[in-house]
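Note: the block below is entry.csv and it holds CSV, C-alpha atoms and all ligand atoms.
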chain,number,residue,atom,x,y,z
A,1,MET,CA,94.9,80.2,101.1
A,2,ASN,CA,95.3,81.5,104.6
A,3,SER,CA,97.1,84.9,104.5
A,4,GLU,CA,97.1,85.4,108.3
A,5,PRO,CA,100.6,85.6,109.6
A,6,ARG,CA,101.9,82.7,111.6
A,7,ALA,CA,103.3,83.1,115.1
A,8,VAL,CA,107.1,82.8,114.8
A,9,VAL,CA,110.0,82.9,117.2
A,10,LEU,CA,111.3,86.4,116.8
A,11,GLY,CA,115.0,86.7,116.1
A,12,GLU,CA,117.3,89.5,117.1
A,13,HIS,CA,117.1,91.3,113.7
A,14,CYS,CA,113.4,91.2,113.4
A,15,ALA,CA,110.8,94.1,113.4
A,16,MET,CA,107.3,94.8,112.3
A,17,ALA,CA,105.8,98.0,110.8
A,18,GLN,CA,102.6,99.4,109.3
A,19,ALA,CA,102.0,102.0,106.6
A,20,GLN,CA,99.0,103.3,104.8
A,21,PRO,CA,98.4,104.2,101.2
A,22,ASN,CA,98.2,107.8,100.1
A,23,ILE,CA,96.3,109.7,97.3
A,24,ALA,CA,97.9,112.5,95.5
A,25,LEU,CA,96.0,115.8,95.2
A,26,ILE,CA,98.7,117.4,93.2
A,27,LYS,CA,99.9,114.6,91.0
A,28,TYR,CA,103.3,113.0,90.5
A,29,TRP,CA,103.7,112.0,86.9
A,30,GLY,CA,107.1,111.6,85.2
A,31,LYS,CA,110.7,110.8,86.3
A,32,ARG,CA,113.8,112.8,85.9
A,33,ASP,CA,115.9,109.7,86.8
A,34,ALA,CA,114.2,106.3,86.5
A,35,ALA,CA,116.9,104.4,88.3
A,36,LEU,CA,116.7,106.6,91.4
A,37,ASN,CA,113.0,107.2,91.0
A,38,LEU,CA,113.4,111.0,90.9
A,39,PRO,CA,110.2,112.8,89.8
A,40,VAL,CA,110.1,115.7,87.3
A,41,VAL,CA,107.6,117.4,89.6
A,42,GLY,CA,106.8,117.7,93.2
A,43,SER,CA,103.5,116.4,94.5
A,44,ILE,CA,101.1,116.7,97.5
A,45,SER,CA,99.1,113.9,99.0
A,46,ILE,CA,96.8,112.7,101.8
A,47,THR,CA,97.7,109.6,103.7
A,48,LEU,CA,94.7,107.3,104.4
A,49,ASP,CA,93.6,105.7,107.6
A,50,ALA,CA,91.5,102.6,107.1
A,51,LEU,CA,93.6,100.8,104.6
A,52,TRP,CA,97.0,99.4,105.7
A,53,THR,CA,100.0,97.2,104.9
A,54,ARG,CA,101.6,95.3,107.8
A,55,THR,CA,105.1,93.9,107.3
A,56,ARG,CA,107.5,91.8,109.3
A,57,VAL,CA,111.1,91.7,108.3
A,58,SER,CA,113.5,89.2,109.9
A,59,PHE,CA,117.1,89.3,108.8
A,60,GLU,CA,118.6,85.9,109.3
A,61,PRO,CA,122.3,85.4,108.7
A,62,GLY,CA,121.7,81.7,107.9
A,63,LEU,CA,119.3,82.3,105.0
A,64,GLU,CA,120.7,81.8,101.5
A,65,GLN,CA,118.1,84.0,99.8
A,66,ASP,CA,115.3,86.4,100.7
A,67,ARG,CA,112.0,84.6,101.4
A,68,VAL,CA,109.1,86.9,100.6
A,69,SER,CA,105.5,86.2,101.4
A,70,LEU,CA,102.9,88.7,100.3
A,71,ASN,CA,99.5,88.0,101.6
A,72,GLY,CA,100.5,84.5,102.2
A,73,ARG,CA,101.8,83.9,98.7
A,74,SER,CA,105.1,84.1,96.9
A,75,ASP,CA,105.6,85.7,93.5
A,76,ALA,CA,109.0,85.8,91.9
A,77,ALA,CA,108.6,89.2,90.2
A,78,GLU,CA,107.4,90.9,93.3
A,79,ALA,CA,110.0,89.2,95.5
A,80,LYS,CA,112.7,90.6,93.2
A,81,ARG,CA,111.4,94.1,93.8
A,82,VAL,CA,111.3,93.5,97.6
A,83,SER,CA,114.9,92.2,97.5
A,84,ALA,CA,116.0,95.3,95.6
A,85,CYS,CA,114.5,97.4,98.4
A,86,LEU,CA,116.1,95.2,101.1
A,87,ASP,CA,119.5,95.7,99.3
A,88,LEU,CA,119.2,99.4,100.0
A,89,LEU,CA,118.8,98.7,103.7
A,90,ARG,CA,121.6,96.1,103.7
A,91,GLN,CA,123.9,98.6,102.0
A,92,ARG,CA,123.2,101.2,104.7
A,93,ALA,CA,123.8,98.6,107.5
A,94,GLY,CA,126.9,97.1,105.8
A,95,VAL,CA,125.5,93.5,106.0
A,96,ASN,CA,124.5,91.0,103.4
A,97,TRP,CA,122.1,88.9,105.5
A,98,ARG,CA,119.1,87.7,103.7
A,99,ALA,CA,115.6,88.3,105.1
A,100,ALA,CA,112.3,86.6,105.6
A,101,VAL,CA,109.5,89.1,104.7
A,102,ASP,CA,105.9,88.5,105.6
A,103,SER,CA,103.5,91.3,104.4
A,104,ARG,CA,99.8,91.6,104.1
A,105,ASN,CA,97.2,94.3,103.2
A,106,ASN,CA,93.8,94.7,104.6
A,107,PHE,CA,92.5,95.8,101.2
A,108,PRO,CA,92.2,94.0,98.0
A,109,THR,CA,93.9,95.0,94.7
A,110,ALA,CA,90.4,95.7,93.5
A,111,ALA,CA,90.0,98.6,95.9
A,112,GLY,CA,92.1,100.6,93.5
A,113,LEU,CA,94.2,102.1,96.2
A,114,ALA,CA,98.0,102.3,95.9
A,115,SER,CA,99.5,99.2,97.5
A,116,SER,CA,103.0,99.9,96.5
A,117,ALA,CA,103.1,103.1,98.5
A,118,SER,CA,102.0,101.5,101.7
A,119,GLY,CA,103.9,98.3,100.9
A,120,PHE,CA,107.3,99.9,100.4
A,121,ALA,CA,106.9,102.4,103.2
A,122,ALA,CA,106.1,99.6,105.6
A,123,LEU,CA,109.0,97.5,104.3
A,124,ILE,CA,111.5,100.3,104.8
A,125,HIS,CA,110.2,101.1,108.2
A,126,ALA,CA,110.3,97.5,109.4
A,127,GLY,CA,113.7,96.8,107.8
A,128,ASP,CA,115.2,99.9,109.3
A,129,SER,CA,114.1,98.8,112.8
A,130,ALA,CA,115.2,95.2,112.2
A,131,LEU,CA,118.7,96.3,111.3
A,132,GLY,CA,118.8,99.0,114.1
A,133,LEU,CA,119.7,101.7,111.6
A,134,ASN,CA,117.5,104.3,113.3
A,135,LEU,CA,117.1,106.3,110.1
A,136,ASP,CA,115.0,109.5,110.6
A,137,ASP,CA,111.8,109.9,108.7
A,138,ALA,CA,113.4,111.9,105.9
A,139,GLU,CA,116.0,109.2,105.3
A,140,LYS,CA,113.2,106.5,105.3
A,141,SER,CA,111.3,108.6,102.8
A,142,VAL,CA,114.3,108.8,100.5
A,143,LEU,CA,114.8,105.0,100.6
A,144,ALA,CA,111.0,104.3,100.2
A,145,ARG,CA,111.1,106.6,97.2
A,146,ARG,CA,113.7,104.5,95.5
A,147,CYS,CA,111.5,101.5,95.8
A,148,SER,CA,108.3,103.2,94.5
A,149,GLY,CA,108.0,107.0,94.1
A,150,SER,CA,104.7,107.4,95.9
A,151,ALA,CA,106.0,105.4,98.9
A,152,ALA,CA,108.1,108.4,99.9
A,153,ARG,CA,104.9,110.1,100.9
A,154,SER,CA,103.4,107.2,103.0
A,155,ILE,CA,106.2,107.6,105.6
A,156,PHE,CA,104.2,110.6,106.8
A,157,GLY,CA,100.6,111.0,107.9
A,158,GLY,CA,98.0,113.6,107.0
A,159,TYR,CA,98.9,116.1,104.3
A,160,VAL,CA,102.3,115.5,102.8
A,161,GLU,CA,104.5,117.1,100.2
A,162,TRP,CA,107.2,115.3,98.2
A,163,ALA,CA,109.8,117.6,96.7
A,164,HIS,CA,111.1,116.9,93.3
A,165,GLY,CA,114.5,118.0,94.5
A,166,LYS,CA,117.4,119.3,92.4
A,167,LEU,CA,120.4,117.1,93.3
A,168,ALA,CA,121.5,114.4,90.9
A,169,ASP,CA,121.8,111.9,93.8
A,170,GLY,CA,118.2,112.5,94.9
A,171,THR,CA,119.0,113.1,98.5
A,172,ASP,CA,116.8,116.2,98.4
A,173,SER,CA,113.8,114.4,96.7
A,174,VAL,CA,112.1,113.7,100.0
A,175,ALA,CA,108.6,114.0,101.5
A,176,SER,CA,107.7,116.0,104.5
A,177,PRO,CA,104.5,116.7,106.4
A,178,LEU,CA,102.4,119.8,105.7
A,179,LEU,CA,99.6,119.4,108.1
A,180,GLU,CA,98.5,116.5,110.4
A,181,ALA,CA,95.4,114.6,109.7
A,182,ALA,CA,93.6,115.7,112.9
A,183,ALA,CA,94.0,119.3,112.0
A,184,TRP,CA,91.7,118.9,109.0
A,185,PRO,CA,90.1,115.5,109.0
A,186,LEU,CA,88.6,115.2,105.5
A,187,ARG,CA,86.9,111.9,104.5
A,188,VAL,CA,87.4,110.0,101.2
A,189,ALA,CA,84.9,107.8,99.4
A,190,VAL,CA,86.5,105.6,96.7
A,191,ALA,CA,84.2,104.5,93.9
A,192,ILE,CA,85.3,101.2,92.6
A,193,THR,CA,84.4,101.0,88.9
A,194,SER,CA,86.4,98.1,87.7
A,195,THR,CA,88.4,95.2,89.2
A,196,ALA,CA,90.3,94.4,86.0
A,197,ALA,CA,94.1,95.0,86.0
A,198,LYS,CA,94.8,97.9,83.7
A,199,GLU,CA,96.8,97.7,80.5
A,200,VAL,CA,99.6,100.2,81.2
A,201,GLY,CA,101.3,100.5,84.6
A,202,SER,CA,102.3,103.8,86.0
A,203,SER,CA,106.1,103.5,85.3
A,204,GLU,CA,105.5,102.6,81.7
A,205,GLY,CA,102.8,105.3,81.4
A,206,MET,CA,105.2,107.9,82.7
A,207,ARG,CA,107.9,106.8,80.3
A,208,ARG,CA,105.5,106.9,77.3
A,209,THR,CA,104.2,110.3,78.3
A,210,ALA,CA,107.6,111.9,78.7
A,211,GLN,CA,108.7,110.5,75.3
A,212,THR,CA,105.6,111.3,73.3
A,213,SER,CA,103.2,113.8,74.9
A,214,PRO,CA,103.5,117.3,73.5
A,215,PHE,CA,102.3,118.7,76.9
A,216,GLN,CA,105.2,117.3,79.0
A,217,SER,CA,107.0,120.6,79.3
A,218,ALA,CA,103.9,122.6,80.1
A,219,TRP,CA,103.1,120.0,82.8
A,220,ILE,CA,106.5,120.5,84.4
A,221,ASP,CA,106.4,124.3,84.0
A,222,SER,CA,103.0,124.7,85.6
A,223,GLN,CA,103.4,122.4,88.6
A,224,GLU,CA,105.1,124.9,90.9
A,225,ALA,CA,102.0,127.2,90.8
A,226,ASP,CA,99.7,124.2,91.6
A,227,LEU,CA,101.9,123.1,94.5
A,228,ASN,CA,101.9,126.7,95.9
A,229,ALA,CA,98.1,126.9,95.6
A,230,ALA,CA,97.5,123.5,97.2
A,231,ARG,CA,99.9,124.2,100.1
A,232,SER,CA,98.2,127.5,100.8
A,233,ALA,CA,94.7,125.9,100.6
A,234,ILE,CA,95.8,123.1,103.0
A,235,LEU,CA,97.4,125.5,105.5
A,236,ALA,CA,94.3,127.7,105.5
A,237,ARG,CA,91.9,124.7,105.5
A,238,ASP,CA,90.2,126.3,102.5
A,239,PHE,CA,88.1,123.5,101.0
A,240,ALA,CA,86.9,125.4,97.9
A,241,ALA,CA,90.5,126.3,97.0
A,242,LEU,CA,91.8,122.8,97.6
A,243,ALA,CA,88.9,121.4,95.5
A,244,ALA,CA,89.6,123.6,92.6
A,245,ILE,CA,93.4,123.0,92.5
A,246,SER,CA,93.1,119.3,93.1
A,247,GLU,CA,90.6,118.7,90.3
A,248,TYR,CA,92.7,120.9,88.0
A,249,SER,CA,95.9,118.9,88.7
A,250,CYS,CA,94.0,115.6,88.2
A,251,LEU,CA,92.5,116.6,84.9
A,252,LYS,CA,95.8,118.1,83.8
A,253,MET,CA,97.7,114.9,84.5
A,254,HIS,CA,95.1,112.9,82.5
A,255,ALA,CA,95.2,115.4,79.7
A,256,LEU,CA,98.9,115.0,79.6
A,257,ALA,CA,98.7,111.2,79.5
A,258,LEU,CA,95.8,111.2,77.0
A,259,ALA,CA,98.0,113.1,74.6
A,260,ALA,CA,100.8,110.4,74.7
A,261,GLN,CA,101.1,108.1,71.7
A,262,PRO,CA,99.3,105.7,72.1
A,263,GLY,CA,97.1,107.7,74.4
A,264,LEU,CA,96.7,106.6,78.0
A,265,LEU,CA,93.0,106.3,78.8
A,266,TYR,CA,92.7,105.2,82.4
A,267,TRP,CA,89.0,106.0,82.8
A,268,ASN,CA,85.9,104.1,82.0
A,269,GLY,CA,82.4,105.4,81.5
A,270,ALA,CA,81.5,105.1,85.2
A,271,SER,CA,84.7,107.0,86.1
A,272,VAL,CA,83.4,109.9,84.0
A,273,GLU,CA,79.9,109.7,85.5
A,274,CYS,CA,81.4,109.8,89.0
A,275,MET,CA,83.4,112.9,88.2
A,276,ARG,CA,80.3,114.6,86.8
A,277,ARG,CA,78.2,113.6,89.8
A,278,VAL,CA,80.8,115.0,92.2
A,279,ARG,CA,80.8,118.3,90.3
A,280,ALA,CA,77.0,118.4,90.3
A,281,LEU,CA,77.0,117.8,94.1
A,282,ARG,CA,79.5,120.6,94.6
A,283,GLY,CA,77.3,122.8,92.4
A,284,GLN,CA,74.6,122.2,94.9
A,285,GLY,CA,76.8,123.3,97.8
A,286,VAL,CA,78.1,119.9,98.9
A,287,PRO,CA,81.8,120.2,99.9
A,288,VAL,CA,83.3,117.4,97.8
A,289,PHE,CA,85.9,117.1,95.0
A,290,PHE,CA,87.3,114.2,92.9
A,291,THR,CA,90.7,112.9,92.1
A,292,VAL,CA,91.6,110.0,89.8
A,293,ASP,CA,94.9,108.2,89.5
A,294,ALA,CA,96.3,105.9,86.9
A,295,GLY,CA,93.2,103.7,86.9
A,296,PRO,CA,89.4,103.9,86.7
A,297,GLN,CA,88.5,104.4,90.4
A,298,VAL,CA,87.3,107.8,91.5
A,299,LYS,CA,88.3,109.2,94.9
A,300,ALA,CA,85.8,111.7,96.2
A,301,VAL,CA,87.3,113.9,99.0
A,302,CYS,CA,84.8,115.7,101.2
A,303,GLU,CA,84.2,117.4,104.5
A,304,PRO,CA,83.1,114.9,107.2
A,305,GLN,CA,79.4,115.9,107.3
A,306,ALA,CA,79.0,115.2,103.5
A,307,ILE,CA,80.3,111.7,103.5
A,308,GLU,CA,77.0,109.8,103.6
A,309,GLN,CA,75.5,111.9,100.9
A,310,VAL,CA,78.6,111.5,98.7
A,311,LYS,CA,78.6,107.7,99.2
A,312,SER,CA,74.9,107.4,98.3
A,313,ALA,CA,75.3,109.5,95.2
A,314,LEU,CA,78.3,107.4,94.0
A,315,ARG,CA,76.5,104.1,94.7
A,316,GLU,CA,73.6,105.1,92.5
A,317,ILE,CA,75.8,105.4,89.4
A,318,PRO,CA,75.6,102.5,87.0
A,319,GLY,CA,79.0,100.8,86.8
A,320,VAL,CA,80.0,101.6,90.4
A,321,LEU,CA,80.7,98.2,92.0
A,322,ASP,CA,81.4,99.4,95.5
A,323,VAL,CA,82.2,102.5,97.5
A,324,VAL,CA,85.0,102.3,100.2
A,325,GLU,CA,85.2,105.0,102.8
A,326,THR,CA,88.3,106.1,104.7
A,327,GLY,CA,89.6,109.0,106.7
A,328,LEU,CA,93.1,110.5,106.8
A,329,GLY,CA,95.7,108.7,108.9
A,330,ALA,CA,99.2,108.5,110.3
A,331,GLY,CA,102.5,107.8,108.7
A,332,SER,CA,104.5,104.5,108.9
A,333,ARG,CA,105.2,103.2,112.4
A,334,LYS,CA,106.6,100.3,114.2
A,335,LEU,CA,104.3,97.6,115.4
A,336,THR,CA,104.5,95.1,118.3
A,337,GLU,CA,104.0,91.4,117.4
A,338,ALA,CA,100.5,91.6,118.9
A,339,GLU,CA,99.6,94.5,116.7
A,340,PHE,CA,101.1,92.8,113.7
A,341,VAL,CA,99.0,89.7,114.1
A,342,SER,CA,95.8,91.6,115.0
A,343,ARG,CA,93.0,91.7,112.5
A,344,ASP,CA,91.5,94.8,113.9
A,345,ALA,CA,91.6,98.3,112.5
A,346,PRO,CA,95.1,99.9,113.0
A,347,THR,CA,96.0,101.9,116.0
A,348,SER,CA,96.7,105.3,114.7
A,349,SER,CA,98.1,108.6,115.9
A,350,GLY,CA,96.5,110.3,112.9
A,351,GLY,CA,93.7,112.0,114.7
A,352,SER,CA,90.1,111.6,115.7
A,353,ASP,CA,88.8,110.2,112.4
A,354,ALA,CA,91.7,107.9,112.2
A,355,ASP,CA,90.4,105.9,115.0
A,356,ARG,CA,87.2,105.0,113.2
A,357,SER,CA,87.4,102.0,111.0
A,358,GLY,CA,85.8,104.0,108.2
A,359,ILE,CA,85.1,100.9,106.1
A,360,ASP,CA,81.6,100.2,104.8
A,361,SER,CA,80.4,96.9,106.1
A,362,ALA,CA,79.4,96.0,102.5
A,363,SER,CA,82.8,96.7,101.0
A,364,PRO,CA,85.3,94.1,99.9
A,365,VAL,CA,87.7,95.7,102.4
A,366,ALA,CA,85.6,94.8,105.3
A,367,GLY,CA,85.4,91.2,104.1
A,368,HIS,CA,89.0,91.0,103.1
A,369,SER,CA,89.9,87.9,105.1
A,370,ALA,CA,87.4,85.9,103.2
A,371,SER,CA,88.4,87.1,99.8
A,372,PRO,CA,91.5,86.3,97.8
A,373,ALA,CA,94.3,88.5,99.1
A,374,PRO,CA,95.7,91.3,97.0
A,375,THR,CA,99.2,91.5,95.9
A,376,LEU,CA,101.2,93.9,98.0
A,377,THR,CA,104.0,95.1,95.8
A,378,ARG,CA,102.4,95.4,92.5
A,379,HIS,CA,103.4,98.6,90.7
A,380,ARG,CA,101.1,101.2,92.0
A,381,GLY,CA,99.5,101.8,88.7
A,382,GLU,CA,98.9,98.1,88.1
A,383,ALA,CA,97.1,97.8,91.3
A,384,GLU,CA,94.6,100.4,90.3
B,1,LIG,C1,100.6,110.0,92.3
B,1,LIG,N1,100.6,108.1,90.7
B,1,LIG,O1,101.1,111.1,92.5
B,1,LIG,C2,100.6,109.5,90.9
B,1,LIG,C3,99.3,110.0,90.2
B,1,LIG,C4,99.6,107.6,89.8
B,1,LIG,C5,98.9,108.8,89.3
B,1,LIG,O2,102.4,107.8,92.0
B,1,LIG,O3,107.2,104.0,89.2
B,1,LIG,O4,103.6,103.6,91.8
B,1,LIG,O5,106.9,103.3,91.6
B,1,LIG,O6,107.5,105.6,91.1
B,1,LIG,O7,104.5,105.8,92.7
B,1,LIG,C6,101.8,106.0,90.8
B,1,LIG,O8,103.1,105.7,90.6
B,1,LIG,O9,105.2,104.8,90.5
B,1,LIG,C7,101.6,107.3,91.2
B,1,LIG,P1,106.8,104.4,90.6
B,1,LIG,P2,104.1,104.9,91.6
B,1,LIG,O10,100.1,109.3,93.2
Could you rewrite the structure in this file as structure tokens?
Ligand code: 2P0
Amino acid sequence: MNSEPRAVVLGEHCAMAQAQPNIALIKYWGKRDAALNLPVVGSISITLDALWTRTRVSFEPGLEQDRVSLNGRSDAAEAKRVSACLDLLRQRAGVNWRAAVDSRNNFPTAAGLASSASGFAALIHAGDSALGLNLDDAEKSVLARRCSGSAARSIFGGYVEWAHGKLADGTDSVASPLLEAAAWPLRVAVAITSTAAKEVGSSEGMRRTAQTSPFQSAWIDSQEADLNAARSAILARDFAALAAISEYSCLKMHALALAAQPGLLYWNGASVECMRRVRALRGQGVPVFFTVDAGPQVKAVCEPQAIEQVKSALREIPGVLDVVETGLGAGSRKLTEAEFVSRDAPTSSGGSDADRSGIDSASPVAGHSASPAPTLTRHRGEAE
């Protein structure tokens, strides 16, 4: 099926936007309010460059219901989630117009990178422009958070912190930039170790963990120190310190989830071997560390000069199906029609590395147009 967007006559309430996925270094896991998507802990992430979601939203007063096309396909469950997100925008604008939404990713679900973060950030950005709301980035972040927690962070580029906030209405649970990508342009190699959908999505995993893991309160109590350490490491561009705190946060999140009943085991054997290989490389002086989300893919974050060595090392591991490379990139932004239909790498204000495509020619990402399109708005965890 052709997932390329068709040329359309643009209406008055139509706009296009792009956003990129992000990877948490200090993890979000657990909600203090599931309806508002308020987290029990703050988190810190890096926004990626080479992977993107591009979305066109066209509010059309004549439409009877929202029409949602994700990578050229429609899916009732996902359309429902998109409609709920559009409702937030309609509420803000005081209109009840239905919308046509056309959205696509340049990365397959199999890449194991969060598509709901980029998907909902792009949707909020495009919808805001289409309705002329002119929300500032913080307001966009709050709305994106309500659609998917991690989407709050993809409104911003580079290094980003999402505050857990204290207010019951969640207006202070918002992301903000810590450092721009160009100021510390690390690279990321993603080792793809499985293309299978996992059994337990993030939202369900978080719910189960909060209800059954004996480590939940320790997780919450210890997060502030991790956020402080990571923030300091980022502002000082201290790679060794960021490596130590990021691996700690990742392993702690998995220990917490492993201790749920039944335990949440997101790794496979290759995931473990990748983590061990990354640690061995670091032991030999290579500036690299790992992080793993609610799935079996391993993200190796490194200084730019180490990226080839890191990719080669990961490719050698039995069970690694592919390695996808990306740099750090910009936050969500408006696109012209020409940019929206373009199949090229995104234009980016995220810094020098952000202008490189950063995708291995052998990766499924580079060949995305020939492969079945991924599903944009899957729950983040389910996409991994
Ligand atoms: C994160 N993850 O900080 C953590 C680490 C996965 C592991 O954010 O329910 O798709 O939409 O708020 O954002 C995945 O969860 O969950 C996630 P919802 P989301 O990146």
field: Å distance separating atom CA of Ile155 of chain A from atom CA of Pro185 of chain A, one decimal place
entry: 18.3 Å
Could I get the residue neighbourhood of ligand LIG 1 (chain B) at 9 Å, counting only C-alpha atoms and all ligand atoms, as a PDB file with C-alpha atoms, keeping the file's coordinate frame?
ATOM      1  CA  ASN A  22      98.200 107.800 100.100  1.00  0.00           C
ATOM      2  CA  ILE A  23      96.300 109.700  97.300  1.00  0.00           C
ATOM      3  CA  ALA A  24      97.900 112.500  95.500  1.00  0.00           C
ATOM      4  CA  LEU A  25      96.000 115.800  95.200  1.00  0.00           C
ATOM      5  CA  ILE A  26      98.700 117.400  93.200  1.00  0.00           C
ATOM      6  CA  LYS A  27      99.900 114.600  91.000  1.00  0.00           C
ATOM      7  CA  TYR A  28     103.300 113.000  90.500  1.00  0.00           C
ATOM      8  CA  TRP A  29     103.700 112.000  86.900  1.00  0.00           C
ATOM      9  CA  GLY A  30     107.100 111.600  85.200  1.00  0.00           C
ATOM     10  CA  LYS A  31     110.700 110.800  86.300  1.00  0.00           C
ATOM     11  CA  ALA A  34     114.200 106.300  86.500  1.00  0.00           C
ATOM     12  CA  ASN A  37     113.000 107.200  91.000  1.00  0.00           C
ATOM     13  CA  LEU A  38     113.400 111.000  90.900  1.00  0.00           C
ATOM     14  CA  PRO A  39     110.200 112.800  89.800  1.00  0.00           C
ATOM     15  CA  GLY A  42     106.800 117.700  93.200  1.00  0.00           C
ATOM     16  CA  SER A  43     103.500 116.400  94.500  1.00  0.00           C
ATOM     17  CA  ILE A  44     101.100 116.700  97.500  1.00  0.00           C
ATOM     18  CA  SER A  45      99.100 113.900  99.000  1.00  0.00           C
ATOM     19  CA  ALA A 114      98.000 102.300  95.900  1.00  0.00           C
ATOM     20  CA  SER A 115      99.500  99.200  97.500  1.00  0.00           C
ATOM     21  CA  SER A 116     103.000  99.900  96.500  1.00  0.00           C
ATOM     22  CA  ALA A 117     103.100 103.100  98.500  1.00  0.00           C
ATOM     23  CA  ARG A 145     111.100 106.600  97.200  1.00  0.00           C
ATOM     24  CA  ARG A 146     113.700 104.500  95.500  1.00  0.00           C
ATOM     25  CA  CYS A 147     111.500 101.500  95.800  1.00  0.00           C
ATOM     26  CA  SER A 148     108.300 103.200  94.500  1.00  0.00           C
ATOM     27  CA  GLY A 149     108.000 107.000  94.100  1.00  0.00           C
ATOM     28  CA  SER A 150     104.700 107.400  95.900  1.00  0.00           C
ATOM     29  CA  ALA A 151     106.000 105.400  98.900  1.00  0.00           C
ATOM     30  CA  ALA A 152     108.100 108.400  99.900  1.00  0.00           C
ATOM     31  CA  GLY A 201     101.300 100.500  84.600  1.00  0.00           C
ATOM     32  CA  SER A 202     102.300 103.800  86.000  1.00  0.00           C
ATOM     33  CA  SER A 203     106.100 103.500  85.300  1.00  0.00           C
ATOM     34  CA  GLU A 204     105.500 102.600  81.700  1.00  0.00           C
ATOM     35  CA  MET A 206     105.200 107.900  82.700  1.00  0.00           C
ATOM     36  CA  CYS A 250      94.000 115.600  88.200  1.00  0.00           C
ATOM     37  CA  MET A 253      97.700 114.900  84.500  1.00  0.00           C
ATOM     38  CA  HIS A 254      95.100 112.900  82.500  1.00  0.00           C
ATOM     39  CA  VAL A 292      91.600 110.000  89.800  1.00  0.00           C
ATOM     40  CA  ASP A 293      94.900 108.200  89.500  1.00  0.00           C
ATOM     41  CA  ALA A 294      96.300 105.900  86.900  1.00  0.00           C
ATOM     42  CA  GLY A 295      93.200 103.700  86.900  1.00  0.00           C
ATOM     43  CA  ARG A 378     102.400  95.400  92.500  1.00  0.00           C
ATOM     44  CA  HIS A 379     103.400  98.600  90.700  1.00  0.00           C
ATOM     45  CA  ARG A 380     101.100 101.200  92.000  1.00  0.00           C
ATOM     46  CA  GLY A 381      99.500 101.800  88.700  1.00  0.00           C
ATOM     47  CA  GLU A 382      98.900  98.100  88.100  1.00  0.00           C
ATOM     48  CA  ALA A 383      97.100  97.800  91.300  1.00  0.00           C
ATOM     49  CA  GLU A 384      94.600 100.400  90.300  1.00  0.00           C
TER      50      GLU A 384
END
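For the atom pair formed by atom CA of Phe59 of chain A and atom CA of His13 of chain A, the distance is 5.3 Å, given to one decimal.
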query: Hey, which of A:Ser141, A:Asn106, A:Thr171, A:Ser271 ends up closest to Pro296 of chain A? Count only C-alpha atoms.
result: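 Among the listed residues, the smallest separation from Pro296 of chain A belongs to A:Ser271.
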Length of the atom CA of Lys299 of chain A to atom CA of Val324 of chain A vector [Å]: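 According to the coordinates, atom CA of Lys299 of chain A and atom CA of Val324 of chain A are separated by 9.3 Å.
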Can you check which parts of segment 227-335 of chain A lie within 6 Å of segment 211-222 of chain A? Per residue, the shortest pair of atoms and distance in Å to one decimal, counting all atoms listed in the file, sorted by chain and number, as JSON lines.
{"residue": "A:Leu256", "atom": "CA", "partner": "A:Phe215", "partner_atom": "CA", "distance": 5.7}
{"residue": "A:Ala259", "atom": "CA", "partner": "A:Ser213", "partner_atom": "CA", "distance": 5.3}
{"residue": "A:Ala260", "atom": "CA", "partner": "A:Ser213", "partner_atom": "CA", "distance": 4.2}
{"residue": "A:Gln261", "atom": "CA", "partner": "A:Thr212", "partner_atom": "CA", "distance": 5.7}
message: I'd like to know which of A:Val95, A:Leu63, A:Val310, A:Leu179 is closest to Leu235 of chain A, using only C-alpha atoms.
response: A:Leu179
message: Please list, as a PyMOL selection string, the residues that have an atom at most 12 Å away from (114.7, 113.4, 109.0) in the coordinates of this file, counting only C-alpha atoms.
response: chain A and resi 134-143+155-156+171-172+174-177
Residue neighbourhood Asp169 of chain A, 10 Å, only C-alpha atoms, exclusion window fewer than 4 positions, as a ChimeraX atom specification: /A:33,36,38,165,173
Residue nearest Thr55 of chain A - candidates A:Ser103, A:Gln305, A:Ser83, A:Ser69, atoms counted: all atoms listed in the file: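 Closest residue, counting all atoms listed in the file: A:Ser103.
Considering only C-alpha atoms, the residue among A:Ala144, A:Leu131, A:Leu281, A:Ala255 positioned nearest to Glu12 of chain A is A:Leu131.
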- request: Give as a PyMOL selection string the set of residues within 7 Å of the point (83.3, 107.8, 95.6), where distances use the file's coordinates and only C-alpha atoms.
  value: chain A and resi 189-191+298-300+310-311+314+323
query: Using only C-alpha atoms, which of the listed residues (A:Ala84, A:Ala330, A:Ala76, A:Ala229) sits closest to Ala35 of chain A?
result: A:Ala84
Using only C-alpha atoms, which protein or nucleic acid residues come within 7 Å of Thr53 of chain A? Drop anything in the same chain fewer than 3 positions from it, and give the result as a short mmCIF file (atom, residue, chain, number, x, y, z; two decimals) with C-alpha atoms, in the coordinates of the input.
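Result written to selection_11.cif:
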data_model
loop_
_atom_site.label_atom_id
_atom_site.label_comp_id
_atom_site.auth_asym_id
_atom_site.auth_seq_id
_atom_site.Cartn_x
_atom_site.Cartn_y
_atom_site.Cartn_z
CA GLN A 18 102.60 99.40 109.30
CA ALA A 19 102.00 102.00 106.60
CA GLN A 20 99.00 103.30 104.80
CA SER A 103 103.50 91.30 104.40
CA ARG A 104 99.80 91.60 104.10
CA ASN A 105 97.20 94.30 103.20
CA ASN A 106 93.80 94.70 104.60
CA SER A 118 102.00 101.50 101.70
CA GLY A 119 103.90 98.30 100.90
CA ALA A 122 106.10 99.60 105.60
#
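Across A:Ser249, A:Glu78, A:Leu242, A:Val41, the tightest approach to Tyr159 of chain A is made by A:Leu242 when counting all atoms listed in the file.
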